[in-house]
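For reference, the structure discussed in these notes is given below.
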Amino acid sequence: MAVVVVTDSSASLPAEMIRELGIRVVPLHVLVGDSEIREGIDELAIDYSAETVTTSAPSPGELRDAYAEALTRSGGHGVVAVHLSRQLSATWEAGRLAVQDMDAAESVLLVDSLGAGLATGFPVLAAARCAAAGGTLDEVYEAAVRAAGSSHTFFVVNRTEQLRQGGRLSTAAGFFGSELVSKPVLQLVQGRLELRDKVRTRSKAFAKLVAAAEEAAGAGIAAIGVQHLGAAEAAESVTTQLRERIPRAGEILTAEFGPALAVHLGVGAVGVLVLPGGCG
């Protein structure tokens, strides 16, 4: 028995890692018209450009059930729940409410990953590896917090309307100009999406993306994550450049954005996560 790590489906970790490390994943919800899908469980074609497509967090009840199941599986060693940024989703707050209703609340520790996608997945991975190595509840919690606080995440997107309308992107008056001629490069700062730069073309945006990741990695070992939606060729090119320009890169994970993030980022989005020091 060991500490069990719980996360949400935004974490985007490979299925084999989830199985190997015994990570419990709670699905986010995507609402498509009158239909609702649980990310990673239900199948439904999604038009990511449709204004009727929205997302929602798991309910406190769903999270409470997941935490209770994980706590039982841990044999009393405890649970560390790592969720996407509370600035971007109500999931962390739902988790807080869930823990309040539990008898063994002190055995379930919540972590705000300050990110989304693999920026949540890497702190999850750091925590789960610490747990697998026999770490205590406090040690597993600290591994997740340390990774969350050290990571750097950058995105290139084709659109920002939904991010701004949903309050997930800080507004900077006059920064964009016309989005027809400006390609924004975004970054996560303390869990919130902010504008980092804008350029005229996607090729220049990807160059900015790679340069930002290289700077964030520094001279030491770093774990790298690359995600995309409908931009496999661009993501592959970015990954190749990162391998060349960050020679001390440790593991490099690649994944598509799941539906819950894709709804907000849009087709063509590419993201890069850098975690100096790696995932443990």
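Going by the structure tokens order, chains are called A, B, ..., each with residues numbered from 1, while ligands are numbered from 1 in the order shown.
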Would you mind listing, for every residue of stretch 235-274 of chain A within 10 Å of stretch 95-116 of chain A, the two atoms forming the shortest contact and the distance between them in Å to one decimal, using only C-alpha atoms, sorted by chain and ascending residue number, as CSV?
residue,atom,partner,partner_atom,distance
A:Phe257,CA,A:Ala116,CA,9.8
A:Leu261,CA,A:Ala116,CA,7.9
A:Leu273,CA,A:Gly115,CA,9.5
Selection export as a PDB file, in the first residue's frame, atoms kept: N, CA, C and O atoms:
ATOM      1  N   PHE A 257      -4.260  17.649 -26.975  1.00  0.00           N
ATOM      2  CA  PHE A 257      -5.125  18.230 -25.966  1.00  0.00           C
ATOM      3  C   PHE A 257      -6.437  17.462 -25.953  1.00  0.00           C
ATOM      4  O   PHE A 257      -6.997  17.146 -26.997  1.00  0.00           O
ATOM      5  N   LEU A 261      -9.829  20.931 -22.797  1.00  0.00           N
ATOM      6  CA  LEU A 261      -8.924  22.045 -23.084  1.00  0.00           C
ATOM      7  C   LEU A 261      -9.080  22.506 -24.521  1.00  0.00           C
ATOM      8  O   LEU A 261      -8.984  23.703 -24.824  1.00  0.00           O
ATOM      9  N   LEU A 273       5.502  22.546 -22.372  1.00  0.00           N
ATOM     10  CA  LEU A 273       5.752  22.613 -20.931  1.00  0.00           C
ATOM     11  C   LEU A 273       7.208  22.262 -20.672  1.00  0.00           C
ATOM     12  O   LEU A 273       7.730  21.295 -21.233  1.00  0.00           O
TER      13      LEU A 273
END
*Compile the contact shell of A:Arg196 as an MDAnalysis selection string: residues with an atom at most 10 Å away, counting only C-alpha atoms, same-chain residues fewer than 6 positions apart removed.*
chainID A and resid 154:155 175 184:189 208:209 212
*Quick one: pull the distance between atom CA of A:Ala2 and atom CA of A:His29, Å, one decimal.*
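That distance, rounded to one decimal, is 29.0 Å.
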*Determine, counting only C-alpha atoms, which protein, DNA and RNA residues have an atom within 12 Å of an atom of A:Val238; residues of the same chain fewer than 3 positions away are not included. Present the result as a count of residues only.*
37
*Please run DSSP on the backbone and report, as JSON, numbers by chain, all residues within stretch 17-196 of chain A that come out as helix (DSSP H, G or I).*
{"A": [17, 18, 19, 20, 21, 60, 61, 62, 63, 64, 65, 66, 67, 68, 69, 70, 71, 72, 73, 91, 92, 93, 94, 95, 96, 97, 98, 99, 100, 105, 106, 107, 118, 119, 120, 121, 122, 123, 124, 125, 126, 127, 128, 129, 130, 131, 132, 137, 138, 139, 140, 141, 142, 143, 144, 145, 146, 147, 148, 149, 150, 161, 162, 163, 164, 165]}
*Find, counting only C-alpha atoms, the residue in A:Leu193, A:Glu236, A:Arg24, A:Val5 that gets nearest to A:Arg86.*
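Answer, going by the shortest atom-to-atom distance: A:Leu193.
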*Between atom CA of A:Ser151 and atom CA of A:His264, what is the spacing in Å?*
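Between these atoms lies a distance of 21.2 Å.
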_Residues within 9 Å of stretch 144-146 of chain A, please, as a PyMOL selection string. Count only C-alpha atoms; anything in the same chain fewer than 6 positions from it doesn't count._
chain A and resi 80+82+111-113+122-128
Take the residues that were just selected and, keeping N, CA, C and O atoms, output them as a compact mmCIF listing (two decimals), in the first residue's frame.
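This went into selection-v6.txt:
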# COMPACT_ATOMS: atom_id res chain seq x y z
N VAL A 80 -3.10 12.34 -2.43
CA VAL A 80 -2.72 13.67 -2.92
C VAL A 80 -3.46 13.90 -4.23
O VAL A 80 -3.31 13.11 -5.17
N VAL A 82 -4.10 16.29 -7.36
CA VAL A 82 -3.47 17.37 -8.13
C VAL A 82 -4.41 17.75 -9.28
O VAL A 82 -4.67 16.93 -10.15
N VAL A 111 -3.60 19.86 -4.32
CA VAL A 111 -2.55 20.66 -4.92
C VAL A 111 -3.10 21.37 -6.15
O VAL A 111 -3.71 20.73 -7.02
N ASP A 112 -2.91 22.68 -6.22
CA ASP A 112 -3.21 23.44 -7.43
C ASP A 112 -1.98 23.34 -8.32
O ASP A 112 -0.90 23.83 -7.97
N SER A 113 -2.12 22.71 -9.47
CA SER A 113 -0.97 22.50 -10.36
C SER A 113 -0.49 23.80 -11.00
O SER A 113 0.58 23.83 -11.62
N PHE A 122 2.66 16.76 -15.29
CA PHE A 122 4.01 16.59 -14.75
C PHE A 122 4.06 16.64 -13.22
O PHE A 122 4.74 15.82 -12.60
N PRO A 123 3.37 17.57 -12.54
CA PRO A 123 3.29 17.48 -11.08
C PRO A 123 2.63 16.18 -10.61
O PRO A 123 3.03 15.62 -9.58
N VAL A 124 1.63 15.71 -11.35
CA VAL A 124 1.02 14.42 -11.03
C VAL A 124 2.06 13.30 -11.11
O VAL A 124 2.16 12.45 -10.23
N LEU A 125 2.84 13.32 -12.18
CA LEU A 125 3.87 12.31 -12.39
C LEU A 125 4.92 12.36 -11.29
O LEU A 125 5.35 11.32 -10.77
N ALA A 126 5.35 13.57 -10.91
CA ALA A 126 6.34 13.72 -9.84
C ALA A 126 5.81 13.15 -8.53
O ALA A 126 6.52 12.44 -7.80
N ALA A 127 4.53 13.44 -8.23
CA ALA A 127 3.93 12.94 -7.00
C ALA A 127 3.79 11.42 -7.03
O ALA A 127 4.09 10.73 -6.05
N ALA A 128 3.31 10.89 -8.15
CA ALA A 128 3.08 9.44 -8.25
C ALA A 128 4.40 8.67 -8.17
O ALA A 128 4.45 7.57 -7.58
*What is the distance between atom CA of A:Gly134 and atom CA of A:Val3, in Å to one decimal?*
8.1 Å
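When only C-alpha atoms are used to measure the gap to A:Ala260, the shortest distance among A:Trp92, A:Tyr67, A:Tyr141, A:Tyr48 belongs to A:Tyr48.
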*Please run DSSP on the backbone and report, as a ChimeraX atom specification, all residues within stretch 30-134 of chain A that come out as strand (DSSP E).*
/A:30-32,35-38,53-56,79-83,108-112
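Using only C-alpha atoms, the nearest neighbour of A:Leu118 within the list A:Ala148, A:Ala219, A:Ala133, A:Val199 is A:Ala148.
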*Given only C-alpha atoms as the counted atoms, nearest of A:Glu251, A:Glu51, A:Asp8, A:Asp65 to A:Ala222*: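 That would be A:Glu251, the residue with the smallest distance to A:Ala222.
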*Tell me which of A:Gly268, A:Pro58, A:Gly250, A:Gly220 sits closest to A:Ile37, counting only C-alpha atoms.*
A:Pro58
